[in-house]
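Here is my_file-v3.csv, consisting of CSV, C-alpha atoms:
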chain,number,residue,atom,x,y,z
A,1,MET,CA,0.0,0.0,0.0
A,2,LYS,CA,2.9,2.4,0.7
A,3,LYS,CA,4.3,1.9,-2.8
A,4,PHE,CA,0.8,2.5,-4.2
A,5,SER,CA,0.5,5.7,-2.2
A,6,LEU,CA,3.8,7.0,-3.4
A,7,LEU,CA,3.0,6.1,-7.0
A,8,LEU,CA,-0.4,7.9,-6.9
A,9,PHE,CA,1.1,11.0,-5.1
A,10,THR,CA,3.9,11.2,-7.7
A,11,ALA,CA,1.3,11.0,-10.5
A,12,LEU,CA,-0.8,13.8,-9.0
A,13,VAL,CA,2.3,16.1,-8.6
A,14,ALA,CA,3.4,15.4,-12.1
A,15,PHE,CA,0.0,16.3,-13.4
A,16,SER,CA,-0.1,19.6,-11.6
A,17,ILE,CA,3.3,20.5,-13.0
A,18,SER,CA,2.5,19.5,-16.5
A,19,ALA,CA,-0.7,21.6,-16.3
A,20,GLN,CA,1.3,24.7,-17.0
A,21,GLU,CA,3.5,23.2,-19.7
A,22,VAL,CA,1.4,21.3,-22.2
A,23,GLN,CA,-1.2,22.4,-24.7
A,24,ASN,CA,-4.8,21.7,-23.8
A,25,VAL,CA,-6.1,18.7,-25.7
A,26,SER,CA,-9.6,17.2,-25.1
A,27,GLN,CA,-11.5,14.5,-27.0
A,28,GLY,CA,-9.4,15.1,-30.1
A,29,THR,CA,-10.0,18.9,-30.0
A,30,VAL,CA,-7.0,21.2,-29.5
A,31,TYR,CA,-7.6,24.2,-27.3
A,32,LEU,CA,-5.6,27.4,-27.0
A,33,LYS,CA,-3.1,27.2,-24.2
A,34,ASN,CA,-4.3,29.2,-21.2
A,35,LYS,CA,-2.1,31.2,-18.8
A,36,ALA,CA,-0.9,29.5,-15.7
A,37,SER,CA,-3.2,31.8,-13.7
A,38,ASP,CA,-6.3,30.7,-15.6
A,39,ASN,CA,-8.9,28.0,-14.6
A,40,TRP,CA,-8.1,28.1,-10.8
A,41,TYR,CA,-11.0,28.0,-8.3
A,42,ILE,CA,-11.6,27.9,-4.5
A,43,GLY,CA,-14.5,26.1,-2.9
A,44,LEU,CA,-16.0,26.0,0.6
A,45,GLY,CA,-18.5,23.3,1.8
A,46,GLY,CA,-19.8,21.3,4.7
A,47,GLY,CA,-21.8,18.2,5.3
A,48,THR,CA,-21.9,14.9,7.1
A,49,ASN,CA,-20.1,11.6,7.4
A,50,ILE,CA,-20.7,8.0,8.7
A,51,TYR,CA,-18.0,5.7,9.9
A,52,MET,CA,-18.2,2.1,8.6
A,53,THR,CA,-16.9,-0.9,10.6
A,54,GLN,CA,-18.4,-4.2,11.6
A,55,GLY,CA,-18.8,-3.0,15.1
A,56,GLU,CA,-20.5,0.2,14.0
A,57,ASN,CA,-22.9,-1.7,11.8
A,58,ASP,CA,-23.8,-4.2,14.5
A,59,ALA,CA,-24.4,-1.6,17.2
A,60,ASP,CA,-28.0,-1.0,18.2
A,61,ALA,CA,-28.2,2.6,16.9
A,62,SER,CA,-30.3,4.6,14.4
A,63,PHE,CA,-28.8,5.9,11.2
A,64,GLY,CA,-29.2,9.5,12.5
A,65,ASP,CA,-27.1,8.7,15.6
A,66,ARG,CA,-24.2,7.6,13.4
A,67,LEU,CA,-24.0,10.8,11.4
A,68,GLY,CA,-21.2,13.2,12.2
A,69,TRP,CA,-20.4,16.6,10.7
A,70,MET,CA,-17.5,17.9,8.6
A,71,GLY,CA,-16.3,20.9,6.6
A,72,GLN,CA,-13.9,21.3,3.7
A,73,LEU,CA,-11.8,24.0,1.9
A,74,GLU,CA,-10.5,23.2,-1.6
A,75,VAL,CA,-8.3,24.8,-4.2
A,76,GLY,CA,-8.1,23.3,-7.7
A,77,ARG,CA,-7.3,23.9,-11.3
A,78,TRP,CA,-8.7,22.5,-14.6
A,79,ASN,CA,-5.9,21.8,-17.0
A,80,SER,CA,-8.3,21.0,-19.9
A,81,PRO,CA,-12.1,20.6,-20.2
A,82,ASN,CA,-11.7,16.9,-19.2
A,83,TRP,CA,-8.9,16.9,-16.5
A,84,GLY,CA,-8.3,18.8,-13.3
A,85,ALA,CA,-6.6,18.4,-9.9
A,86,ARG,CA,-7.4,19.8,-6.5
A,87,LEU,CA,-6.1,20.0,-2.9
A,88,VAL,CA,-8.8,19.6,-0.1
A,89,VAL,CA,-8.2,20.5,3.5
A,90,ASP,CA,-11.0,19.1,5.7
A,91,GLY,CA,-12.0,18.2,9.2
A,92,GLY,CA,-14.9,17.3,11.4
A,93,ASN,CA,-16.5,15.0,14.0
A,94,ILE,CA,-17.2,11.3,13.8
A,95,ALA,CA,-20.1,9.8,15.8
A,96,HIS,CA,-19.1,6.3,17.0
A,97,VAL,CA,-21.7,3.9,18.3
A,98,ALA,CA,-19.6,0.7,18.6
A,99,ALA,CA,-18.7,-0.5,22.1
A,100,GLY,CA,-15.3,0.1,23.6
A,101,ILE,CA,-14.4,3.3,21.8
A,102,PRO,CA,-15.2,7.0,22.6
A,103,ALA,CA,-18.6,8.2,21.4
A,104,GLU,CA,-17.1,11.1,19.5
A,105,GLN,CA,-13.8,11.6,17.6
A,106,ASN,CA,-12.7,14.8,15.9
A,107,TRP,CA,-10.2,14.8,13.0
A,108,LEU,CA,-8.3,17.1,10.7
A,109,GLY,CA,-6.8,16.1,7.3
A,110,GLY,CA,-6.6,16.7,3.6
A,111,HIS,CA,-6.3,14.9,0.3
A,112,VAL,CA,-5.0,15.5,-3.3
A,113,ASP,CA,-7.3,14.4,-6.0
A,114,LEU,CA,-7.3,13.9,-9.8
A,115,MET,CA,-10.7,15.0,-11.3
A,116,TYR,CA,-12.3,13.8,-14.6
A,117,ASN,CA,-15.3,15.6,-16.2
A,118,ILE,CA,-17.4,12.8,-17.7
A,119,ILE,CA,-19.9,15.2,-19.4
A,120,ASN,CA,-17.1,17.0,-21.4
A,121,ALA,CA,-15.1,13.8,-22.0
A,122,TRP,CA,-17.9,11.6,-23.3
A,123,GLY,CA,-19.9,14.4,-24.9
A,124,SER,CA,-18.7,17.8,-26.2
A,125,TYR,CA,-17.3,20.8,-24.4
A,126,ASN,CA,-19.8,23.6,-23.7
A,127,PRO,CA,-18.5,26.5,-21.5
A,128,ASP,CA,-22.2,27.4,-20.7
A,129,ARG,CA,-23.2,23.9,-19.6
A,130,VAL,CA,-24.9,24.0,-16.2
A,131,TYR,CA,-24.4,20.4,-14.9
A,132,SER,CA,-21.2,18.4,-14.8
A,133,LEU,CA,-20.6,14.9,-13.3
A,134,ILE,CA,-17.0,14.7,-12.0
A,135,PRO,CA,-15.5,11.5,-10.5
A,136,TYR,CA,-12.3,11.9,-8.6
A,137,LEU,CA,-9.5,9.6,-7.2
A,138,GLY,CA,-6.9,10.7,-4.7
A,139,ILE,CA,-4.7,10.1,-1.6
A,140,GLY,CA,-4.8,11.9,1.7
A,141,TYR,CA,-4.1,11.9,5.4
A,142,MET,CA,-6.3,12.1,8.6
A,143,TYR,CA,-5.2,12.9,12.1
A,144,GLY,CA,-7.5,11.9,14.9
A,145,LEU,CA,-8.2,14.1,17.9
A,146,ASP,CA,-10.3,13.7,21.1
A,147,GLU,CA,-13.6,15.5,21.8
A,148,ASP,CA,-11.7,18.6,23.0
A,149,TRP,CA,-9.6,18.7,19.7
A,150,LYS,CA,-6.5,17.5,21.5
A,151,LYS,CA,-4.1,14.7,20.9
A,152,PRO,CA,-5.7,11.3,21.9
A,153,ASN,CA,-2.4,10.4,23.6
A,154,PRO,CA,-1.2,13.7,25.2
A,155,ASP,CA,2.1,12.4,26.5
A,156,GLY,CA,3.2,11.0,23.2
A,157,ASP,CA,5.0,12.7,20.3
A,158,LEU,CA,2.9,14.6,17.8
A,159,PHE,CA,2.7,11.7,15.4
A,160,LYS,CA,4.0,8.7,17.2
A,161,GLY,CA,1.3,6.5,18.8
A,162,GLN,CA,-1.5,8.9,17.8
A,163,ASN,CA,-4.6,8.1,15.8
A,164,GLN,CA,-3.6,8.8,12.2
A,165,THR,CA,-3.8,7.2,8.8
A,166,LEU,CA,-3.3,7.6,5.1
A,167,THR,CA,-6.5,7.6,3.2
A,168,TYR,CA,-7.5,6.5,-0.3
A,169,ASN,CA,-10.3,8.6,-1.6
A,170,VAL,CA,-12.9,8.2,-4.4
A,171,GLY,CA,-16.1,10.0,-5.1
A,172,LEU,CA,-18.5,11.9,-7.4
A,173,ILE,CA,-18.9,15.7,-7.6
A,174,ASN,CA,-22.2,17.0,-9.0
A,175,ASN,CA,-21.3,20.5,-10.2
A,176,PHE,CA,-24.0,23.1,-11.0
A,177,GLN,CA,-22.5,26.2,-12.7
A,178,VAL,CA,-24.4,29.4,-11.9
A,179,SER,CA,-22.0,31.6,-13.9
A,180,LYS,CA,-18.5,31.4,-15.3
A,181,SER,CA,-17.0,32.2,-11.9
A,182,VAL,CA,-19.6,30.8,-9.5
A,183,GLY,CA,-20.8,27.2,-9.0
A,184,ILE,CA,-22.6,25.0,-6.5
A,185,PHE,CA,-21.5,21.4,-5.8
A,186,VAL,CA,-22.9,18.3,-4.1
A,187,GLU,CA,-20.2,15.7,-3.4
A,188,LEU,CA,-20.4,12.1,-2.3
A,189,GLY,CA,-17.2,10.5,-1.2
A,190,TRP,CA,-15.7,7.3,0.2
A,191,ARG,CA,-12.4,7.0,1.9
A,192,VAL,CA,-10.5,3.9,3.2
A,193,LEU,CA,-8.6,4.3,6.5
A,194,GLN,CA,-6.4,2.1,8.7
A,195,GLU,CA,-8.5,0.2,11.2
A,196,SER,CA,-6.5,1.6,14.2
A,197,PHE,CA,-7.7,5.2,13.4
A,198,ASP,CA,-10.7,4.9,15.7
A,199,GLY,CA,-8.6,3.5,18.6
A,200,THR,CA,-9.5,-0.2,18.1
A,201,PRO,CA,-6.5,-2.6,18.2
A,202,VAL,CA,-5.0,-3.9,14.9
A,203,SER,CA,-6.3,-7.4,14.1
A,204,GLY,CA,-4.4,-8.1,10.9
A,205,ASP,CA,-2.0,-6.7,8.3
A,206,TYR,CA,-4.7,-5.7,5.8
A,207,GLU,CA,-7.7,-4.6,7.9
A,208,TYR,CA,-9.2,-1.3,7.0
A,209,ASP,CA,-12.1,0.9,8.1
A,210,SER,CA,-14.0,3.2,5.7
A,211,MET,CA,-16.0,6.4,5.9
A,212,PHE,CA,-18.7,7.8,3.6
A,213,THR,CA,-19.0,11.5,3.3
A,214,GLY,CA,-21.5,13.9,1.8
A,215,THR,CA,-20.9,17.6,1.4
A,216,ALA,CA,-22.3,20.6,-0.4
A,217,GLY,CA,-21.0,24.1,-1.0
A,218,ILE,CA,-20.0,26.8,-3.4
A,219,LYS,CA,-17.0,27.4,-5.6
A,220,PHE,CA,-15.6,30.7,-6.9
A,221,GLY,CA,-13.2,31.3,-9.8
A,222,LEU,CA,-9.9,32.8,-8.7
A,223,GLY,CA,-9.6,35.4,-11.5
A,224,GLY,CA,-8.3,34.8,-15.0
A,225,LYS,CA,-10.2,32.8,-17.6
A,226,GLN,CA,-12.6,30.1,-16.4
A,227,ASP,CA,-13.1,28.4,-19.8
A,228,PHE,CA,-11.3,27.0,-22.8
A,229,THR,CA,-11.1,28.3,-26.4
A,230,PRO,CA,-11.0,25.8,-29.2
A,231,ALA,CA,-8.1,26.5,-31.6
A,232,GLU,CA,-9.3,27.4,-35.2
A,233,LEU,CA,-7.0,25.2,-37.2
A,234,MET,CA,-6.5,26.5,-40.8
A,235,ASP,CA,-7.6,24.4,-43.8
A,236,TYR,CA,-4.4,23.2,-45.5
A,237,ASN,CA,-6.1,23.6,-48.9
A,238,LEU,CA,-6.8,27.2,-48.1
A,239,ILE,CA,-3.2,27.7,-47.0
A,240,ASN,CA,-2.0,26.2,-50.3
A,241,ASP,CA,-4.4,28.5,-52.1
A,242,LEU,CA,-3.0,31.6,-50.3
A,243,ASN,CA,0.6,30.4,-50.9
A,244,SER,CA,-0.2,30.1,-54.6
A,245,GLN,CA,-1.5,33.6,-54.7
A,246,ILE,CA,1.6,34.9,-53.0
A,247,ASN,CA,3.9,33.0,-55.5
A,248,ARG,CA,1.9,34.4,-58.4
A,249,LEU,CA,2.2,38.0,-57.1
A,250,ARG,CA,5.9,37.5,-56.5
A,251,ALA,CA,6.3,36.3,-60.1
A,252,GLU,CA,4.4,39.3,-61.4
A,253,ASN,CA,6.6,41.6,-59.3
A,254,GLU,CA,9.7,40.0,-60.8
A,255,GLN,CA,8.3,40.6,-64.3
A,256,LEU,CA,7.7,44.2,-63.5
A,257,ARG,CA,11.2,44.5,-62.0
A,258,GLN,CA,12.7,43.4,-65.3
A,259,ARG,CA,11.0,46.0,-67.4
A,260,PRO,CA,13.0,49.0,-68.5
A,261,GLU,CA,13.1,51.9,-66.1
A,262,SER,CA,12.4,54.5,-68.8
A,263,CYS,CA,9.8,54.4,-71.6
A,264,PRO,CA,8.8,56.7,-74.4
A,265,GLU,CA,6.7,59.7,-73.6
A,266,CYS,CA,3.1,58.9,-73.6
A,267,PRO,CA,0.2,61.3,-74.4
A,268,GLU,CA,-1.3,62.8,-71.4
A,269,VAL,CA,-4.3,60.8,-70.2
A,270,GLN,CA,-7.2,62.5,-68.6
A,271,PRO,CA,-8.0,61.0,-65.1
A,272,THR,CA,-11.1,58.9,-65.0
A,273,VAL,CA,-13.7,59.8,-62.5
A,274,VAL,CA,-14.9,56.6,-60.7
A,275,SER,CA,-18.4,56.6,-59.4
A,276,GLU,CA,-18.9,55.7,-55.8
A,277,ALA,CA,-21.2,53.0,-56.9
A,278,VAL,CA,-18.4,51.0,-58.5
A,279,TYR,CA,-17.2,48.4,-56.0
A,280,VAL,CA,-14.7,45.6,-56.5
A,281,PRO,CA,-16.3,42.3,-55.4
A,282,ASN,CA,-15.1,41.0,-52.0
A,283,VAL,CA,-14.9,37.3,-51.1
A,284,VAL,CA,-15.1,35.1,-48.0
A,285,PHE,CA,-13.4,31.7,-48.4
A,286,PHE,CA,-14.6,28.7,-46.3
A,287,ARG,CA,-13.0,25.5,-45.2
A,288,ILE,CA,-14.1,22.3,-46.8
A,289,ASN,CA,-17.6,21.2,-45.6
A,290,SER,CA,-18.0,24.3,-43.4
A,291,ALA,CA,-20.2,27.4,-43.2
A,292,LYS,CA,-18.2,29.0,-40.4
A,293,ILE,CA,-16.4,32.2,-41.1
A,294,ASP,CA,-12.8,31.8,-40.1
A,295,ARG,CA,-11.2,34.6,-38.1
A,296,GLY,CA,-8.8,35.4,-41.0
A,297,GLN,CA,-11.7,35.9,-43.4
A,298,GLN,CA,-13.6,38.3,-41.1
A,299,VAL,CA,-11.7,41.2,-42.7
A,300,SER,CA,-13.7,40.8,-45.9
A,301,VAL,CA,-17.0,41.1,-44.0
A,302,TYR,CA,-15.6,44.1,-42.1
A,303,ASN,CA,-14.5,45.9,-45.3
A,304,THR,CA,-17.9,45.4,-46.9
A,305,ALA,CA,-19.6,46.7,-43.8
A,306,GLU,CA,-17.4,49.8,-43.7
A,307,TYR,CA,-18.2,50.4,-47.4
A,308,MET,CA,-21.9,50.2,-46.8
A,309,LYS,CA,-21.7,52.5,-43.8
A,310,ALA,CA,-19.9,55.0,-45.9
A,311,ASN,CA,-22.4,54.6,-48.7
A,312,PRO,CA,-25.9,54.5,-47.1
A,313,ASP,CA,-27.7,53.9,-50.4
A,314,ALA,CA,-25.6,50.9,-51.4
A,315,LYS,CA,-27.0,47.4,-51.2
A,316,VAL,CA,-25.1,44.1,-51.2
A,317,ASN,CA,-26.0,40.8,-52.8
A,318,ILE,CA,-24.2,37.8,-51.3
A,319,VAL,CA,-23.8,34.8,-53.6
A,320,ALA,CA,-22.4,31.6,-52.1
A,321,TYR,CA,-20.9,28.5,-53.8
A,322,ALA,CA,-19.5,25.0,-53.1
A,323,ASP,CA,-16.7,23.2,-54.9
A,324,LYS,CA,-17.7,20.6,-57.3
A,325,GLN,CA,-15.2,17.9,-56.3
A,326,THR,CA,-16.6,17.5,-52.8
A,327,GLY,CA,-20.1,16.3,-51.8
A,328,THR,CA,-23.2,15.7,-53.8
A,329,PRO,CA,-25.1,18.4,-55.7
A,330,ALA,CA,-28.0,18.4,-53.2
A,331,TYR,CA,-25.6,18.6,-50.2
A,332,ASN,CA,-23.5,21.4,-51.8
A,333,PHE,CA,-26.7,23.4,-52.6
A,334,ALA,CA,-27.7,23.3,-48.9
A,335,LEU,CA,-24.1,24.1,-47.8
A,336,SER,CA,-23.9,27.1,-50.0
A,337,GLU,CA,-27.1,28.4,-48.6
A,338,LYS,CA,-25.7,28.1,-45.1
A,339,ARG,CA,-22.6,30.0,-46.2
A,340,ALA,CA,-24.6,32.9,-47.7
A,341,ARG,CA,-26.8,33.1,-44.5
A,342,ALA,CA,-23.7,33.0,-42.3
A,343,VAL,CA,-22.1,36.0,-44.1
A,344,ALA,CA,-25.4,37.9,-44.0
A,345,ASP,CA,-25.9,37.3,-40.3
A,346,ALA,CA,-22.3,38.6,-39.7
A,347,LEU,CA,-23.1,41.8,-41.5
A,348,ILE,CA,-26.4,42.3,-39.6
A,349,ASN,CA,-25.5,41.1,-36.1
A,350,GLU,CA,-21.9,42.0,-35.8
A,351,TYR,CA,-21.7,45.2,-37.9
A,352,GLY,CA,-25.2,46.6,-37.7
A,353,ILE,CA,-26.1,46.6,-41.4
A,354,ASP,CA,-29.8,46.8,-42.0
A,355,SER,CA,-31.2,43.5,-43.3
A,356,ASP,CA,-33.2,45.4,-46.0
A,357,ARG,CA,-29.9,46.3,-47.7
A,358,ILE,CA,-28.8,42.7,-47.9
A,359,SER,CA,-30.0,40.0,-50.3
A,360,ILE,CA,-28.6,36.5,-50.6
A,361,ASP,CA,-28.3,33.8,-53.3
A,362,TRP,CA,-26.7,30.4,-53.4
A,363,LYS,CA,-25.6,28.3,-56.4
A,364,GLY,CA,-24.2,25.1,-54.8
A,365,ASP,CA,-21.8,23.5,-57.3
A,366,THR,CA,-24.0,24.3,-60.3
A,367,GLU,CA,-21.7,27.3,-61.0
A,368,GLN,CA,-18.0,27.5,-60.4
A,369,PRO,CA,-16.8,31.1,-60.4
A,370,TYR,CA,-13.1,30.1,-60.3
A,371,ALA,CA,-11.1,27.6,-62.3
A,372,GLU,CA,-9.3,26.5,-59.1
A,373,ASN,CA,-11.6,24.0,-57.5
A,374,ASP,CA,-10.8,24.9,-53.9
A,375,TRP,CA,-11.5,28.6,-54.5
A,376,ASN,CA,-15.1,27.8,-55.1
A,377,ARG,CA,-15.8,27.3,-51.4
A,378,VAL,CA,-16.7,30.9,-51.3
A,379,ALA,CA,-19.2,33.7,-50.8
A,380,ILE,CA,-18.9,36.7,-53.1
A,381,PHE,CA,-20.2,40.2,-52.4
A,382,PHE,CA,-21.7,42.2,-55.2
A,383,VAL,CA,-22.6,45.8,-54.2
A,384,ASP,CA,-25.2,47.8,-56.2
Mind turning this structure into structure tokens?
Amino acid sequence: MKKFSLLLFTALVAFSISAQEVQNVSQGTVYLKNKASDNWYIGLGGGTNIYMTQGENDADASFGDRLGWMGQLEVGRWNSPNWGARLVVDGGNIAHVAAGIPAEQNWLGGHVDLMYNIINAWGSYNPDRVYSLIPYLGIGYMYGLDEDWKKPNPDGDLFKGQNQTLTYNVGLINNFQVSKSVGIFVELGWRVLQESFDGTPVSGDYEYDSMFTGTAGIKFGLGGKQDFTPAELMDYNLINDLNSQINRLRAENEQLRQRPESCPECPEVQPTVVSEAVYVPNVVFFRINSAKIDRGQQVSVYNTAEYMKANPDAKVNIVAYADKQTGTPAYNFALSEKRARAVADALINEYGIDSDRISIDWKGDTEQPYAENDWNRVAIFFVD
């Protein structure tokens, strides 16, 4: 058991150290790495406990007579949406009903636990989710005291010959999130103790008592972020498209550089007055099988919105497409509609453009505005 305790403690310490060094990964999703000061919380709670031995169970006592009280203070951190660790400092009173031992026993202790959020791990991460079910596993220590909160053997050393034990803890935390920084919890736990903790003599090498606990309380975020942000991974096809455009522009610049620096005099050309209604079409490219506007494409929506604010009479028509080499015609038609509506919603909800000034159309893969297949995952702005 001592080797197991050391192994578990080492694993928990290693987890807490790595929490500040590794990138957050949960259920195959990569999350942006939070600061070391993010995702910490503090909790305060109280509740009851019941001591479990053969003598306690055989005693002629009601269930209520066997209930003691306890309180706990905890500090923890979530390293990812799935995994976290905490330190709990607790203490309380045990009501004994077995013969031959004191009727009451006080205690102080604590434990370090590894926590696992089942809802996030088996489902999907939602920072606004209210309920989470969190099992935990840990190791701890309890120091027994008499009813006056003094050492049971006052003439002995602080630890030698006193009622004390390592504990092995498991339990379930039912967490109810009120806001990003405030939560309420109901916790059910079970801990295994050495049988000598209650003062009874040791009867074997592997005899253990146990204690069930039930607590409830409140948790507060300790500043910083209390959630996780999924990383927006770029589409490699889109990156290749952008690199191709860069290389093309470089080649054009090289051709311009090789032209002679002087040229024959040209007749004077009168400047052309461009009407404000003339507008170069703007585009929003999408990832494959997606109608979500990437952060890098938001600039196109922003520029269109700024143009429309500067030209109150202008109207925009958004036409969306899907590439022909992916999906079926029916699926691509529906996907291009989602893309058109996503861009329109961004103009209306994020930039305050009146919906009466926006019209949408979608072509699926029936039309391909570009010869490059990947470029056709696009929504194009046409301003009247």
At a cut-off of 7 Å, can you tabulate as a tab-separated table every residue of segment 6-123 of chain A near segment 214-228 of chain A together with its closest atom pair and the distance in Å to one decimal, using all atoms listed in the file and ordering rows by chain then number?
residue	atom	partner	partner_atom	distance
A:Tyr31	CA	A:Phe228	CA	6.5
A:Ser37	CA	A:Gly224	CA	6.1
A:Asp38	CA	A:Gly224	CA	4.6
A:Asn39	CA	A:Gln226	CA	4.6
A:Trp40	CA	A:Leu222	CA	5.5
A:Tyr41	CA	A:Gly221	CA	4.2
A:Ile42	CA	A:Phe220	CA	5.4
A:Gly43	CA	A:Lys219	CA	3.9
A:Leu44	CA	A:Gly217	CA	5.6
A:Gly45	CA	A:Gly217	CA	3.8
A:Gly46	CA	A:Thr215	CA	5.1
A:Gly47	CA	A:Thr215	CA	4.0
A:Thr48	CA	A:Gly214	CA	5.4
A:Asn49	CA	A:Gly214	CA	6.2
A:Pro81	CA	A:Phe228	CA	7.0
Margin query: What does the structure give for the distance between atom CA of Lys338 of chain A and atom CA of Ala320 of chain A, in Å to one decimal?
Written below: 8.5 Å
Spatial neighbours of Leu172 of chain A, max dist 8 Å, only C-alpha atoms, sep filter under 2 positions, as a PDB file with C-alpha atoms, in the coordinates of the input:
ATOM      1  CA  LEU A 133     -20.600  14.900 -13.300  1.00  0.00           C
ATOM      2  CA  ILE A 134     -17.000  14.700 -12.000  1.00  0.00           C
ATOM      3  CA  PRO A 135     -15.500  11.500 -10.500  1.00  0.00           C
ATOM      4  CA  TYR A 136     -12.300  11.900  -8.600  1.00  0.00           C
ATOM      5  CA  VAL A 170     -12.900   8.200  -4.400  1.00  0.00           C
ATOM      6  CA  ASN A 174     -22.200  17.000  -9.000  1.00  0.00           C
ATOM      7  CA  GLU A 187     -20.200  15.700  -3.400  1.00  0.00           C
ATOM      8  CA  LEU A 188     -20.400  12.100  -2.300  1.00  0.00           C
ATOM      9  CA  GLY A 189     -17.200  10.500  -1.200  1.00  0.00           C
TER      10      GLY A 189
END
Margin query: Using all atoms listed in the file, can you tell me which of A:Pro127, A:Pro329, A:Gly110, A:Gly156 comes closest to Gly364 of chain A?
Written below: A:Pro329
Notebook entry, point to check: Do you have the atom CA of Asn57 of chain A-atom CA of Gly161 of chain A distance handy?
Noted result: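 According to the coordinates, atom CA of Asn57 of chain A and atom CA of Gly161 of chain A are separated by 26.5 Å.
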Notebook entry, point to check: Between A:Asp313, A:Glu337, A:Glu252, A:Glu367, which has the minimum distance to Ala291 of chain A (counting all atoms listed in the file)?
Noted result: A:Glu337
Item checked: Shortest interatomic distance to Gln54 of chain A - which of A:Asp323, A:Glu207, A:Asp294, A:Glu254, counting only C-alpha atoms ->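 Checking each of A:Asp323, A:Glu207, A:Asp294, A:Glu254 against Gln54 of chain A, counting only C-alpha atoms, the winner is A:Glu207.
The neighbours of Ser196 of chain A here are the residues that come within 10 Å of it, using only C-alpha atoms and leaving out any residue fewer than 5 positions away in the same chain; they are A:Gln162, A:Asn163, A:Gln164, A:Thr165, A:Pro201, A:Val202, A:Ser203, A:Glu207, A:Tyr208, A:Asp209.
For the pair atom CA of Leu108 of chain A and atom CA of Glu74 of chain A, the separation is 13.9 Å.
When all atoms listed in the file are used to measure the gap to Leu87 of chain A, the shortest distance among A:Ile139, A:Ala330, A:Ile118, A:Ile288 belongs to A:Ile139.
Counting all atoms listed in the file and comparing A:Ala95, A:Val30, A:Leu335, A:Met142, the residue that lies closest to Trp107 of chain A is A:Met142.
Of the residues listed (A:Phe197, A:Trp375, A:Phe159, A:Phe285), A:Phe285 shows the shortest atom-to-atom separation from Val299 of chain A; distances use all atoms listed in the file.
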Margin query: Set the distance at 9 Å and use all atoms listed in the file: which residues neighbour Lys315 of chain A once local chain neighbours fewer than 5 positions away are removed? I'd like the list as a list in words.
Written below: Met308, Asp356, Arg357, Ile358, Ser359, Phe382, Val383 and Asp384 of chain A
Go ahead and dump the residues you just picked, C-alpha atoms, as a PDB file, keeping the file's coordinate frame.
ATOM      1  CA  MET A 308     -21.900  50.200 -46.800  1.00  0.00           C
ATOM      2  CA  ASP A 356     -33.200  45.400 -46.000  1.00  0.00           C
ATOM      3  CA  ARG A 357     -29.900  46.300 -47.700  1.00  0.00           C
ATOM      4  CA  ILE A 358     -28.800  42.700 -47.900  1.00  0.00           C
ATOM      5  CA  SER A 359     -30.000  40.000 -50.300  1.00  0.00           C
ATOM      6  CA  PHE A 382     -21.700  42.200 -55.200  1.00  0.00           C
ATOM      7  CA  VAL A 383     -22.600  45.800 -54.200  1.00  0.00           C
ATOM      8  CA  ASP A 384     -25.200  47.800 -56.200  1.00  0.00           C
TER       9      ASP A 384
END
Check: Near Arg191 of chain A, within 7 Å and counting only C-alpha atoms, which residues show up once chain neighbours fewer than 3 positions away are dropped, as a list in words?
Finding: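 In the requested form, the answer reads Thr167, Tyr168, Asn169, Val170, Ser210, Met211 and Phe212 of chain A.
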